[in-house]
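A short write-up of the structure that comes next.
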Amino acid sequence: MKNKLIEEFGRVYGNNNGVEVYFAPGRVNLIGEHTDYNGGHVFPCALTVGTYAAVKKRDDRVLRFYSMNFPDSGVVETSLDDMRPKNDDSYTAYPKGVIWAFTEKGYDIPSGFDMLIYGDIPNGSGLSSSASFEVLTGVILRDMFGINVTNTEIALLGQYSENNYNGMNCGIMDQFASAMGKKDNAIFLDTATLNFEYAPVKLENASIVVTNSKVKHSLVDSAYNTRRSECETALMELKTVLDIKTLGDLSKEEFEANVSAIKDPVRVKRARHAVYENIRTVDAINALKKGDINTFGKLMIDSHTSLRDDYEVSCEEIDILVEEALKIDGVIGSRITGGGFGGCTVSIVLNDSIEEFKDKVSRAYTEKTGIVPEIYVVSVGDGPSKL
Ligand code: GLA
């Protein structure tokens with residue numbers, strides 16, 4: 001991959017002397033969905049797919065981008081002096097947003113660079129291609145300009161850029177999972193404190209299977225931002241009767257005893273999901289630590305039901321994938337993963353049943369939707385690296 005990118009860099013920009021190549025991974029979240037902006041827990045892991053870039057520093061203020069995924073866009077040229085939040089909808093908004101975030105936070109970016117990008121995460125699949133691109137840019141800026149930032153700080157800068165440059169009010173999960181990934185481990189992260197622990201993904205005779213529905217319904221970002229503000233309002237209402245900082249502070253009993261403080265039935269559903277999903281996530285990691293993957297799988301299924309009915313971020317296609325998966329005996333758990341409204345499901349499947357899964361889920365999904373899904377057995381990879 002490294003040589004291919006260096007060669008392509010030379011073809012696009014004319015010269016590849018001194019080019020460096022970097023990688024940052026995408027992620028899949030096993031459980032703990034829509035909890036990361038509610039002070040709850042998440043349990044994602046980094047993937048071995050992600051975003052690559054070949055880069056070379058310039059001595060002026062010009063920035064040039066070329067994506068092998070969007071060759072028709074050609075070389076996109078801009079300047080360090082032209083960073084305008086929310087004004088740019090091409091893929092360059094991600095690296096530009098991170099450069100902007102670094103300068104907003106007081107780090108000096110003294111010169112521009114040429115960048116060639118290649119991503120092997122399907123776009124819109126909910127496996128965090130954007131977060132991987134942000135973390136990748138952060139790591140490159142750190143190396144290129146000798147900036148003293150940790151991987152956690154790079155994750156926070158990525159989130160800051162996504163929130164303030166791209167207008168997507170995401171939590172910290174995706175950038176954190178990409179920046180802090182560890183091979184064969186998932187990350188049990190408390191998003192209220194950023195304390196985390198690695199947990200080996202020991203599934204014995206089972207694997208993590210990701211199924212891409214190949215649909216991404218529009219308005220994802222606006223629906224996401226609406227969910228977030230509904231939870232914020234519900235929290236304010238609960239704070240009138242409870243001394244809490246986040247929805248993640250609540251037990252089920254405290255929530256149910258005080259739920260009447262929330263004055264709107266839709267907000268009750270949203271808050272109920274946030275509270276119960278956080279508790280499910282803590283229970284799930286405890287089950288995994290004991291090697292009890294059946295309980296882990298059951299909690300994944302409950303997570304999907306809650307995301308479908310209370311949080312209302314699933315969609316017909318994803319529900320079909322989960323339903324069809326659960327018809328197979330060797331499927332231990334299955335749920336939507338990521339922000340929602342399409343994208344992927346994540347399932348835990350016994351190794352002996354993977355072929356059956358691929359065959360049956362794929363056939364039934366295509367019969368019902370006309371779409372051929374993509375199904376991959378996932379490997380859990382490391383965080384960002386220089387190749
Ligand atoms: C998106 C966001 C994350 C998280 C998930 C839902 O991936 O970027 O911060 O909120 O949705 O769990």
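Each chain in the structure tokens gets a letter, A, B and so on, in the order shown; residues start at 1 in every chain, and ligands are counted from 1 in the order they appear.
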
Contacts between ligand 1 and chain A, please, where a residue of chain A counts if it comes within 9 Å (with only C-alpha atoms and all ligand atoms); show its shortest atom pair and distance in Å to one decimal, rows by chain and ascending number, as a tab-separated table.
```
residue	atom	partner	partner_atom_place_in_ligand_line	distance
A:Asn29	CA	ligand 1	12 (O)	7.6
A:Ile31	CA	ligand 1	12 (O)	8.4
A:Gly32	CA	ligand 1	12 (O)	6.4
A:Glu33	CA	ligand 1	12 (O)	3.4
A:His34	CA	ligand 1	12 (O)	3.6
A:Thr35	CA	ligand 1	12 (O)	6.0
A:Asp36	CA	ligand 1	10 (O)	5.4
A:Tyr37	CA	ligand 1	10 (O)	6.3
A:Asn38	CA	ligand 1	10 (O)	9.0
A:Val42	CA	ligand 1	12 (O)	7.7
A:Gly126	CA	ligand 1	7 (O)	6.4
A:Leu127	CA	ligand 1	7 (O)	7.6
A:Ser128	CA	ligand 1	7 (O)	6.5
A:Ser130	CA	ligand 1	8 (O)	8.8
A:Ala131	CA	ligand 1	8 (O)	7.6
A:Gln159	CA	ligand 1	9 (O)	8.2
A:Glu162	CA	ligand 1	8 (O)	8.7
A:Met168	CA	ligand 1	8 (O)	7.9
A:Asn169	CA	ligand 1	8 (O)	7.7
A:Cys170	CA	ligand 1	9 (O)	4.1
A:Gly171	CA	ligand 1	9 (O)	3.4
A:Ile172	CA	ligand 1	9 (O)	5.1
A:Met173	CA	ligand 1	9 (O)	4.9
A:Asp174	CA	ligand 1	3 (C)	5.6
A:Gln175	CA	ligand 1	9 (O)	8.0
A:Tyr224	CA	ligand 1	11 (O)	7.6
A:Arg228	CA	ligand 1	10 (O)	8.7
A:Thr337	CA	ligand 1	12 (O)	7.3
A:Gly338	CA	ligand 1	7 (O)	4.3
A:Gly339	CA	ligand 1	11 (O)	3.2
A:Gly340	CA	ligand 1	11 (O)	7.0
```

Give me the residues near Asp309 in chain A as an mmCIF file with N, CA, C and O atoms, in the first residue's frame, where near means some atom within 10 Å (using only C-alpha atoms) and where sequence neighbours in that chain fewer than 4 positions away do not count.
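Written output follows (selection_19.cif):
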```
data_model
loop_
_atom_site.group_PDB
_atom_site.id
_atom_site.type_symbol
_atom_site.label_atom_id
_atom_site.label_comp_id
_atom_site.auth_asym_id
_atom_site.auth_seq_id
_atom_site.Cartn_x
_atom_site.Cartn_y
_atom_site.Cartn_z
ATOM 1 N N LYS A 269 -38.686 8.985 25.531
ATOM 2 C CA LYS A 269 -38.112 7.833 24.811
ATOM 3 C C LYS A 269 -36.618 8.029 24.560
ATOM 4 O O LYS A 269 -35.824 7.107 24.729
ATOM 5 N N ARG A 270 -36.258 9.237 24.141
ATOM 6 C CA ARG A 270 -34.838 9.495 23.844
ATOM 7 C C ARG A 270 -33.987 9.305 25.110
ATOM 8 O O ARG A 270 -32.947 8.655 25.091
ATOM 9 N N HIS A 273 -33.656 5.681 26.235
ATOM 10 C CA HIS A 273 -32.606 4.972 25.479
ATOM 11 C C HIS A 273 -31.227 5.308 26.048
ATOM 12 O O HIS A 273 -30.419 4.416 26.291
ATOM 13 N N HIS A 304 -30.388 -2.838 19.909
ATOM 14 C CA HIS A 304 -31.024 -2.548 18.613
ATOM 15 C C HIS A 304 -32.494 -2.177 18.789
ATOM 16 O O HIS A 304 -32.988 -1.218 18.189
ATOM 17 N N THR A 305 -33.184 -2.945 19.633
ATOM 18 C CA THR A 305 -34.616 -2.675 19.840
ATOM 19 C C THR A 305 -34.818 -1.255 20.358
ATOM 20 O O THR A 305 -35.702 -0.525 19.908
ATOM 21 N N VAL A 313 -33.554 5.712 15.361
ATOM 22 C CA VAL A 313 -32.464 6.027 14.422
ATOM 23 C C VAL A 313 -32.172 4.853 13.480
ATOM 24 O O VAL A 313 -31.183 4.867 12.776
ATOM 25 N N SER A 314 -33.056 3.823 13.517
ATOM 26 C CA SER A 314 -32.842 2.736 12.571
ATOM 27 C C SER A 314 -33.628 3.052 11.297
ATOM 28 O O SER A 314 -34.125 4.162 11.119
#
```

Task: Counting only C-alpha atoms, the residue of A:Ala364, A:Ile208, A:Leu250, A:Leu47 that sits nearest Ile332 in chain A - done: A:Ile208

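The residue that comes closest to Lys263 in chain A, out of A:Thr226, A:Ser207, A:Asn148, A:Thr240 and on the basis of only C-alpha atoms, is A:Thr240.
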
TODO: Name the residues in contact with Tyr276 in chain A at a cut-off of 12 Å, using only C-alpha atoms, excluding same-chain residues fewer than 4 positions from it; report them as a ChimeraX atom specification.
DONE: /A:31-35,38,40-41,247-256,268-272,280-284,299,302-307,310-311
